[in-house]
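Undergrad: Contents are mmCIF, C-alpha atoms; file name run_23.cif:
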data_entry
#
loop_
_atom_site.label_atom_id
_atom_site.label_comp_id
_atom_site.auth_asym_id
_atom_site.auth_seq_id
_atom_site.Cartn_x
_atom_site.Cartn_y
_atom_site.Cartn_z
CA MET P 1 6.83 130.99 -73.55
CA ASN P 2 4.16 129.78 -75.99
CA ASN P 3 4.49 126.17 -74.84
CA MET P 4 4.26 127.28 -71.23
CA GLN P 5 1.06 129.20 -71.93
CA ARG P 6 -0.39 126.25 -73.83
CA ILE P 7 0.31 123.91 -70.90
CA LEU P 8 -1.31 126.34 -68.47
CA ALA P 9 -4.43 126.41 -70.66
CA SER P 10 -4.70 122.63 -71.01
CA PRO P 11 -8.13 120.96 -70.75
CA LEU P 12 -6.47 118.47 -68.39
CA PHE P 13 -7.31 120.88 -65.56
CA GLY P 14 -11.01 120.09 -65.88
CA GLU P 15 -12.59 121.90 -62.95
CA ASP P 16 -9.46 121.66 -60.79
CA ASN P 17 -6.74 124.22 -60.24
CA THR P 18 -3.92 121.68 -60.68
CA TYR P 19 -3.16 118.50 -62.53
CA ARG P 20 -0.36 116.04 -61.84
CA PHE P 21 1.35 113.15 -63.60
CA PHE P 22 4.62 111.22 -63.71
CA ILE P 23 7.26 110.54 -66.32
CA ASP P 24 9.76 107.93 -65.13
CA ASP P 25 10.84 109.12 -61.68
CA VAL P 26 9.81 112.72 -62.31
CA SER P 27 6.61 114.00 -60.72
CA ILE P 28 5.07 116.98 -62.49
CA LYS P 29 2.52 119.40 -61.05
CA VAL P 30 0.88 122.10 -63.17
CA SER P 31 -1.02 124.93 -61.48
CA ARG P 32 -3.66 127.03 -63.22
CA PRO P 33 -3.11 130.82 -63.63
CA SER P 34 -5.20 133.13 -61.46
CA LEU P 35 -6.96 136.39 -62.31
CA ASN P 36 -5.35 139.69 -61.35
CA GLU P 37 -7.15 142.89 -60.29
CA ASP P 38 -7.83 143.70 -63.93
CA GLY P 39 -9.43 140.32 -64.56
CA LYS P 40 -6.49 139.07 -66.63
CA GLU P 41 -4.82 135.69 -66.18
CA VAL P 42 -1.44 135.84 -64.47
CA GLY P 43 0.87 133.37 -62.78
CA GLY P 44 0.56 129.65 -63.15
CA TYR P 45 3.50 127.33 -62.69
CA ILE P 46 5.04 123.95 -63.41
CA TYR P 47 6.86 122.07 -60.66
CA MET P 48 9.12 119.16 -61.63
CA LEU P 49 10.68 116.90 -58.98
CA GLN P 50 13.02 114.05 -59.85
CA ASP P 51 13.29 111.13 -57.44
CA ASP P 52 12.35 113.38 -54.48
CA THR P 53 15.71 115.14 -54.90
CA TYR P 54 16.09 117.61 -57.77
CA ALA P 55 13.40 120.26 -58.29
CA VAL P 56 12.78 122.73 -61.10
CA PHE P 57 10.13 125.44 -60.84
CA LEU P 58 8.87 127.38 -63.87
CA TYR P 59 6.39 130.22 -63.62
CA LEU P 60 5.07 133.21 -65.51
CA ASN P 61 5.93 136.51 -63.89
CA GLU P 62 4.05 139.73 -64.60
CA VAL P 63 6.15 142.88 -64.67
CA LYS P 64 4.25 146.16 -64.80
CA LYS P 65 5.63 148.77 -67.15
CA PRO P 66 4.98 152.52 -67.50
CA LEU P 67 1.81 153.68 -69.29
CA ARG P 68 -0.18 150.79 -67.75
CA THR P 69 1.53 148.19 -69.93
CA ARG P 70 2.73 144.87 -68.63
CA LYS P 71 5.26 142.25 -69.65
CA ILE P 72 5.02 138.54 -68.98
CA SER P 73 8.31 136.70 -68.53
CA LEU P 74 9.14 133.04 -67.96
CA GLU P 75 11.17 132.50 -64.80
CA MET P 76 13.05 129.29 -63.95
CA LEU P 77 14.38 128.22 -60.55
CA TYR P 78 16.02 125.11 -59.16
CA GLN P 79 16.30 123.59 -55.70
CA ASN P 80 17.74 120.58 -53.98
CA HIS P 81 14.62 119.19 -52.31
CA ALA P 82 16.49 118.70 -49.04
CA GLU P 83 17.22 122.44 -48.83
CA ASP P 84 15.10 125.56 -48.51
CA ASP P 85 16.80 127.94 -50.95
CA TRP P 86 15.82 128.38 -54.59
CA HIS P 87 18.28 129.57 -57.25
CA PRO P 88 17.87 130.96 -60.79
CA LEU P 89 18.21 128.17 -63.35
CA LYS P 90 20.80 129.07 -66.01
CA ASP P 91 22.78 127.15 -68.60
CA HIS P 92 25.71 126.98 -66.16
CA SER P 93 23.60 125.73 -63.22
CA PRO P 94 24.42 122.29 -61.74
CA GLU P 95 24.04 119.54 -64.32
CA PRO P 96 21.20 117.54 -62.69
CA TYR P 97 18.83 120.52 -62.90
CA VAL P 98 19.80 121.54 -66.42
CA GLN P 99 19.42 117.93 -67.53
CA LEU P 100 16.05 117.61 -65.81
CA LEU P 101 14.69 120.58 -67.75
CA ASN P 102 16.31 119.71 -71.07
CA GLN P 103 15.36 116.03 -71.01
CA TYR P 104 11.90 116.18 -69.51
CA TRP P 105 10.49 119.41 -70.91
CA PRO P 106 9.98 117.92 -74.41
CA ARG P 107 8.76 114.66 -72.91
CA MET P 108 6.31 116.60 -70.76
CA LEU P 109 4.93 118.40 -73.81
CA LYS P 110 4.52 115.10 -75.61
CA GLU P 111 2.84 113.47 -72.60
CA ILE P 112 0.37 116.34 -72.17
CA THR P 113 -0.53 116.27 -75.87
CA TYR P 114 -1.05 112.52 -75.66
CA ARG P 115 -3.24 112.75 -72.57
CA GLU P 116 -5.34 115.46 -74.19
CA SER P 117 -5.93 113.14 -77.16
CA LEU P 118 -7.13 110.18 -75.09
CA ASP P 119 -10.82 109.32 -75.21
CA VAL P 120 -12.96 107.37 -72.77
CA GLU P 121 -13.20 104.39 -75.11
CA THR P 122 -9.42 103.95 -75.33
CA ILE P 123 -8.94 104.19 -71.58
CA SER P 124 -11.83 101.78 -70.94
CA PHE P 125 -10.47 99.27 -73.48
CA TRP P 126 -7.07 99.04 -71.80
CA GLN P 127 -8.56 98.92 -68.33
CA LYS P 128 -10.69 95.98 -69.49
CA GLN P 129 -7.63 94.25 -70.94
CA LEU P 130 -5.74 94.74 -67.70
CA HIS P 131 -8.50 93.50 -65.39
CA GLU P 132 -9.38 90.49 -67.55
CA THR P 133 -5.78 89.41 -68.12
CA ILE P 134 -4.35 89.79 -64.62
CA THR P 135 -6.70 88.48 -61.95
CA VAL P 136 -6.57 87.80 -58.24
CA GLU P 137 -6.94 84.09 -58.94
CA LYS P 138 -3.96 84.03 -61.31
CA ILE P 139 -1.70 85.85 -58.86
CA GLU P 140 -2.71 83.59 -55.98
CA ARG P 141 -2.12 80.49 -58.10
CA ILE P 142 1.41 81.59 -58.99
CA LEU P 143 2.24 82.58 -55.41
CA ALA P 144 1.15 79.09 -54.30
CA LEU P 145 3.62 77.32 -56.60
CA PRO P 146 6.38 75.40 -54.78
CA ILE P 147 9.08 77.37 -56.60
CA VAL P 148 7.74 80.42 -54.78
CA THR P 149 6.69 79.00 -51.41
CA GLU P 150 9.82 76.86 -50.99
CA LYS P 151 12.58 78.74 -52.83
CA PHE P 152 11.79 82.37 -53.61
CA ASN P 153 9.76 83.07 -50.51
CA ASP P 154 11.46 86.12 -48.95
CA TYR P 155 10.75 89.38 -50.75
CA TYR P 156 13.27 91.28 -48.64
CA ASP P 157 16.18 88.87 -49.21
CA GLU P 158 18.03 89.57 -52.46
CA ASP P 159 18.81 85.89 -53.01
CA LYS P 160 15.33 84.63 -52.14
CA SER P 161 13.09 87.36 -53.57
CA GLY P 162 13.09 86.09 -57.14
CA TYR P 163 15.16 85.23 -60.19
CA TRP P 164 16.02 86.24 -63.75
CA SER P 165 14.31 84.63 -66.72
CA GLY P 166 16.11 85.87 -69.78
CA SER P 167 15.91 89.67 -69.80
CA LEU P 168 13.16 89.81 -67.18
CA HIS P 169 13.36 89.51 -63.40
CA TYR P 170 10.51 87.89 -61.45
CA CYS P 171 10.02 88.61 -57.76
CA PHE P 172 7.39 87.46 -55.30
CA ARG P 173 5.94 88.75 -52.05
CA LEU P 174 3.85 86.33 -50.04
CA PRO P 175 1.09 87.69 -47.79
CA LYS P 176 2.61 88.28 -44.37
CA GLY P 177 1.72 90.85 -41.76
CA LYS P 178 0.83 94.12 -43.48
CA ASP P 179 2.38 93.05 -46.78
CA ASN P 180 -0.07 92.55 -49.64
CA PRO P 181 0.56 89.64 -52.03
CA ARG P 182 2.68 90.81 -54.95
CA ILE P 183 4.27 89.59 -58.13
CA GLY P 184 6.85 91.87 -59.69
CA VAL P 185 8.33 91.71 -63.16
CA GLY P 186 11.28 93.95 -63.99
CA LYS P 187 13.82 94.73 -66.67
CA GLU P 188 17.27 96.28 -66.61
CA ARG P 189 17.35 99.97 -67.47
CA ARG P 190 19.57 101.13 -70.33
CA ASP P 191 19.06 104.87 -69.83
CA LEU P 192 20.93 105.48 -66.58
CA SER P 193 22.32 108.81 -67.80
CA LEU P 194 18.86 110.30 -67.22
CA PHE P 195 18.91 109.51 -63.50
CA PRO P 196 21.56 111.35 -61.49
CA THR P 197 20.36 109.87 -58.19
CA ILE P 198 21.31 106.33 -59.28
CA ASP P 199 24.74 105.14 -58.15
CA GLY P 200 26.62 102.53 -60.13
CA ASP P 201 25.97 101.15 -63.59
CA PHE P 202 22.96 98.89 -62.94
CA ASP P 203 19.30 99.56 -62.28
CA VAL P 204 15.94 97.87 -62.84
CA LEU P 205 12.45 99.17 -63.56
CA LEU P 206 9.59 97.03 -62.28
CA TYR P 207 5.88 96.50 -62.64
CA HIS P 208 4.12 95.17 -59.54
CA PHE P 209 0.85 93.26 -59.58
CA ASP P 210 -0.53 93.64 -56.06
CA ILE P 211 -3.60 92.12 -54.47
CA GLU P 212 -5.27 94.68 -52.25
CA THR P 213 -8.26 93.98 -50.03
CA SER P 214 -10.90 96.59 -49.21
CA ASP P 215 -12.40 97.06 -45.76
CA ASP P 216 -15.37 94.93 -46.78
CA GLY P 217 -13.11 92.07 -47.88
CA ILE P 218 -13.18 92.54 -51.65
CA LYS P 219 -9.90 91.70 -53.37
CA LYS P 220 -8.62 93.49 -56.47
CA VAL P 221 -5.44 93.70 -58.52
CA VAL P 222 -3.58 97.02 -58.47
CA LEU P 223 -0.89 97.68 -61.06
CA LYS P 224 2.08 99.68 -59.77
CA PHE P 225 5.26 101.02 -61.32
CA GLN P 226 8.68 101.29 -59.70
CA PRO P 227 11.11 103.32 -61.83
CA HIS P 228 14.22 102.18 -59.93
CA ASN P 229 15.25 99.09 -58.06
CA GLU P 230 15.59 101.10 -54.85
CA GLY P 231 12.94 103.69 -55.68
CA ASN P 232 9.40 104.44 -54.63
CA THR P 233 6.45 102.50 -56.03
CA ARG P 234 3.29 104.19 -57.29
CA PRO P 235 -0.03 103.09 -58.81
CA VAL P 236 -0.27 103.29 -62.60
CA GLU P 237 -2.90 105.76 -63.78
CA ALA P 238 -5.60 104.70 -66.25
CA ALA P 239 -4.22 107.28 -68.70
CA GLU P 240 -0.76 105.70 -68.67
CA ILE P 241 -1.52 103.34 -71.55
CA HIS P 242 2.18 102.81 -72.35
CA HIS P 243 2.75 101.43 -68.85
CA ILE P 244 -0.32 99.20 -69.04
CA ARG P 245 0.74 97.76 -72.40
CA THR P 246 4.27 97.08 -71.17
CA ALA P 247 2.98 95.51 -67.95
CA LEU P 248 0.67 93.23 -69.93
CA ARG P 249 3.59 92.16 -72.12
CA PHE P 250 5.73 91.42 -69.07
CA TRP P 251 2.87 89.46 -67.47
CA SER P 252 2.46 87.39 -70.63
CA ARG P 253 6.12 86.38 -70.46
CA LEU P 254 5.72 85.43 -66.81
CA GLU P 255 2.68 83.25 -67.48
CA LYS P 256 4.41 81.49 -70.35
CA THR P 257 7.48 80.56 -68.32
CA ILE P 258 6.71 80.32 -64.60
CA PHE P 259 4.91 76.97 -64.71
CA GLN P 260 7.74 75.30 -66.63
CA HIS P 261 10.21 76.78 -64.17
CA ASN P 262 8.11 75.31 -61.36
CA ASP P 263 8.12 71.88 -63.03
CA ASP P 264 11.90 72.07 -63.40
CA PHE P 265 12.22 72.98 -59.73
CA LEU P 266 10.08 70.02 -58.65
CA GLU P 267 12.09 67.69 -60.82
CA GLU P 268 15.29 68.93 -59.20
CA GLN P 269 13.81 68.19 -55.77
CA SER P 270 12.72 64.67 -56.61
#
Show me this structure written as structure tokens.

TA:
Amino acid sequence: MNNMQRILASPLFGEDNTYRFFIDDVSIKVSRPSLNEDGKEVGGYIYMLQDDTYAVFLYLNEVKKPLRTRKISLEMLYQNHAEDDWHPLKDHSPEPYVQLLNQYWPRMLKEITYRESLDVETISFWQKQLHETITVEKIERILALPIVTEKFNDYYDEDKSGYWSGSLHYCFRLPKGKDNPRIGVGKERRDLSLFPTIDGDFDVLLYHFDIETSDDGIKKVVLKFQPHNEGNTRPVEAAEIHHIRTALRFWSRLEKTIFQHNDDFLEEQS
């Protein structure tokens, strides 16, 4: 209860009534409490949705008691996102929902505390590192290498989209139609037990370095994160320093190896 109340009083709201963030494939939405007829804060909720499938809803419920007293209780519900009905979340509820709460509640608390501690200088520093290290020119140069244009030139073909270099997987998307140019660098996941929507015993998380062009023709690099090989891709927030640092490390590995791989490819062709 105390942690719930602390989250609902977080400065992350700013002037908004909600704030949102992601952890892995879990989207989290926190809604500010409202004022009741007596001018006291009531309500407020946290909505957790894993991989657009498993949902958990936590809210504070006000129960009026005799003698004008009131009791605030924490209520927990779960729902399969494809269905309409909500059910009380108990210890014996289906495992994906119990696991979602047990695994991501402490991680959510940690993430909120971390975001509250961030200052403008730290965010600006890592944004500067990102924009200076990964540029439009660097991405275009790599996408123009023969190893990409002649061998790994089909983003949607498993055999031609990219290749493994040690523990990292490189993939490439050439500009075609509505597709923006992209370089992806991924790594095999070792924590599959956290993701009940993943079938099999293999999965990859990826960072994508996209070139996007504005309506007035200005190109920029957009960093995106894809938690699963077959999952959705989303932009990385400026506050997600851990993602930015990992993406920069992955990019460094790519830069150190791709040109030698290209030379080896050319030698094979000669």

Undergrad: At a cut-off of 9 Å, using all atoms listed in the file, what residues contact stretch 122-132 of chain P? Leave out same-chain residues fewer than 6 positions from it and give the result as a ChimeraX atom specification.

TA: /P:220-221,223,238-241,244-245,247-248

Undergrad: Using only C-alpha atoms, tabulate the residues of stretch 170-221 of chain P lying at most 12 Å from any atom of stretch 26-30 of chain P, each with its closest atom pair and that distance in Å to one decimal, by chain and increasing residue number, as a tab-separated table.

TA:
residue	atom	partner	partner_atom	distance
P:Leu194	CA	P:Val26	CA	10.6
P:Phe195	CA	P:Val26	CA	9.7
P:Pro196	CA	P:Val26	CA	11.9
P:Thr197	CA	P:Val26	CA	11.7

Undergrad: Name the residues captured by the PyMOL selection byres ((chain P and resi 166-173) around 6) when it is applied to the shown file; answer as a VMD selection string.

TA: chain P and resid 155 161 to 165 174 181 to 187

Undergrad: Please evaluate the PyMOL selection byres ((chain P and resi 145-148) around 10) against the structure above and give the resulting residues as a list in words.

TA: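 Taken over the shown coordinates, the PyMOL selection byres ((chain P and resi 145-148) around 10) returns Glu140, Arg141, Ile142, Leu143, Ala144, Thr149, Glu150, Lys151, Phe152, Asn153, Asp154, Lys160, Ser161, Gly162, Cys171, Phe172, Arg173, Leu174, Ile258, Phe259, His261, Asn262, Asp263, Asp264, Phe265 and Leu266 of chain P.
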
Undergrad: Please produce a file of those selected residues containing C-alpha atoms, as a PDB file, in the coordinates of the input.

TA:
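See result.pdb below for the written result:
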ATOM      1  CA  GLU P 140      -2.710  83.590 -55.980  1.00  0.00           C
ATOM      2  CA  ARG P 141      -2.120  80.490 -58.100  1.00  0.00           C
ATOM      3  CA  ILE P 142       1.410  81.590 -58.990  1.00  0.00           C
ATOM      4  CA  LEU P 143       2.240  82.580 -55.410  1.00  0.00           C
ATOM      5  CA  ALA P 144       1.150  79.090 -54.300  1.00  0.00           C
ATOM      6  CA  THR P 149       6.690  79.000 -51.410  1.00  0.00           C
ATOM      7  CA  GLU P 150       9.820  76.860 -50.990  1.00  0.00           C
ATOM      8  CA  LYS P 151      12.580  78.740 -52.830  1.00  0.00           C
ATOM      9  CA  PHE P 152      11.790  82.370 -53.610  1.00  0.00           C
ATOM     10  CA  ASN P 153       9.760  83.070 -50.510  1.00  0.00           C
ATOM     11  CA  ASP P 154      11.460  86.120 -48.950  1.00  0.00           C
ATOM     12  CA  LYS P 160      15.330  84.630 -52.140  1.00  0.00           C
ATOM     13  CA  SER P 161      13.090  87.360 -53.570  1.00  0.00           C
ATOM     14  CA  GLY P 162      13.090  86.090 -57.140  1.00  0.00           C
ATOM     15  CA  CYS P 171      10.020  88.610 -57.760  1.00  0.00           C
ATOM     16  CA  PHE P 172       7.390  87.460 -55.300  1.00  0.00           C
ATOM     17  CA  ARG P 173       5.940  88.750 -52.050  1.00  0.00           C
ATOM     18  CA  LEU P 174       3.850  86.330 -50.040  1.00  0.00           C
ATOM     19  CA  ILE P 258       6.710  80.320 -64.600  1.00  0.00           C
ATOM     20  CA  PHE P 259       4.910  76.970 -64.710  1.00  0.00           C
ATOM     21  CA  HIS P 261      10.210  76.780 -64.170  1.00  0.00           C
ATOM     22  CA  ASN P 262       8.110  75.310 -61.360  1.00  0.00           C
ATOM     23  CA  ASP P 263       8.120  71.880 -63.030  1.00  0.00           C
ATOM     24  CA  ASP P 264      11.900  72.070 -63.400  1.00  0.00           C
ATOM     25  CA  PHE P 265      12.220  72.980 -59.730  1.00  0.00           C
ATOM     26  CA  LEU P 266      10.080  70.020 -58.650  1.00  0.00           C
TER      27      LEU P 266
END

Undergrad: With a distance cut-off of 10 Å and only C-alpha atoms, select the neighbouring residues of P:Ser31, excluding the residue or stretch itself and same-chain residues fewer than 3 positions from it, and output the selection as a PDB file with C-alpha atoms, in the frame of the given file.

TA:
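The new file around-v3.pdb reads:
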ATOM      1  CA  ILE P   7       0.310 123.910 -70.900  1.00  0.00           C
ATOM      2  CA  LEU P   8      -1.310 126.340 -68.470  1.00  0.00           C
ATOM      3  CA  ALA P   9      -4.430 126.410 -70.660  1.00  0.00           C
ATOM      4  CA  PHE P  13      -7.310 120.880 -65.560  1.00  0.00           C
ATOM      5  CA  ASP P  16      -9.460 121.660 -60.790  1.00  0.00           C
ATOM      6  CA  ASN P  17      -6.740 124.220 -60.240  1.00  0.00           C
ATOM      7  CA  THR P  18      -3.920 121.680 -60.680  1.00  0.00           C
ATOM      8  CA  TYR P  19      -3.160 118.500 -62.530  1.00  0.00           C
ATOM      9  CA  ARG P  20      -0.360 116.040 -61.840  1.00  0.00           C
ATOM     10  CA  SER P  34      -5.200 133.130 -61.460  1.00  0.00           C
ATOM     11  CA  GLY P  43       0.870 133.370 -62.780  1.00  0.00           C
ATOM     12  CA  GLY P  44       0.560 129.650 -63.150  1.00  0.00           C
ATOM     13  CA  TYR P  45       3.500 127.330 -62.690  1.00  0.00           C
ATOM     14  CA  ILE P  46       5.040 123.950 -63.410  1.00  0.00           C
ATOM     15  CA  TYR P  47       6.860 122.070 -60.660  1.00  0.00           C
ATOM     16  CA  TYR P  59       6.390 130.220 -63.620  1.00  0.00           C
TER      17      TYR P  59
END

Undergrad: Just the residues within 12 Å of P:Leu205, please, counting all atoms listed in the file, with nothing from its chain fewer than 3 positions along; format it as a ChimeraX atom specification.

TA: /P:24-25,167-170,184-192,202,208,224-233,243,246-247,250
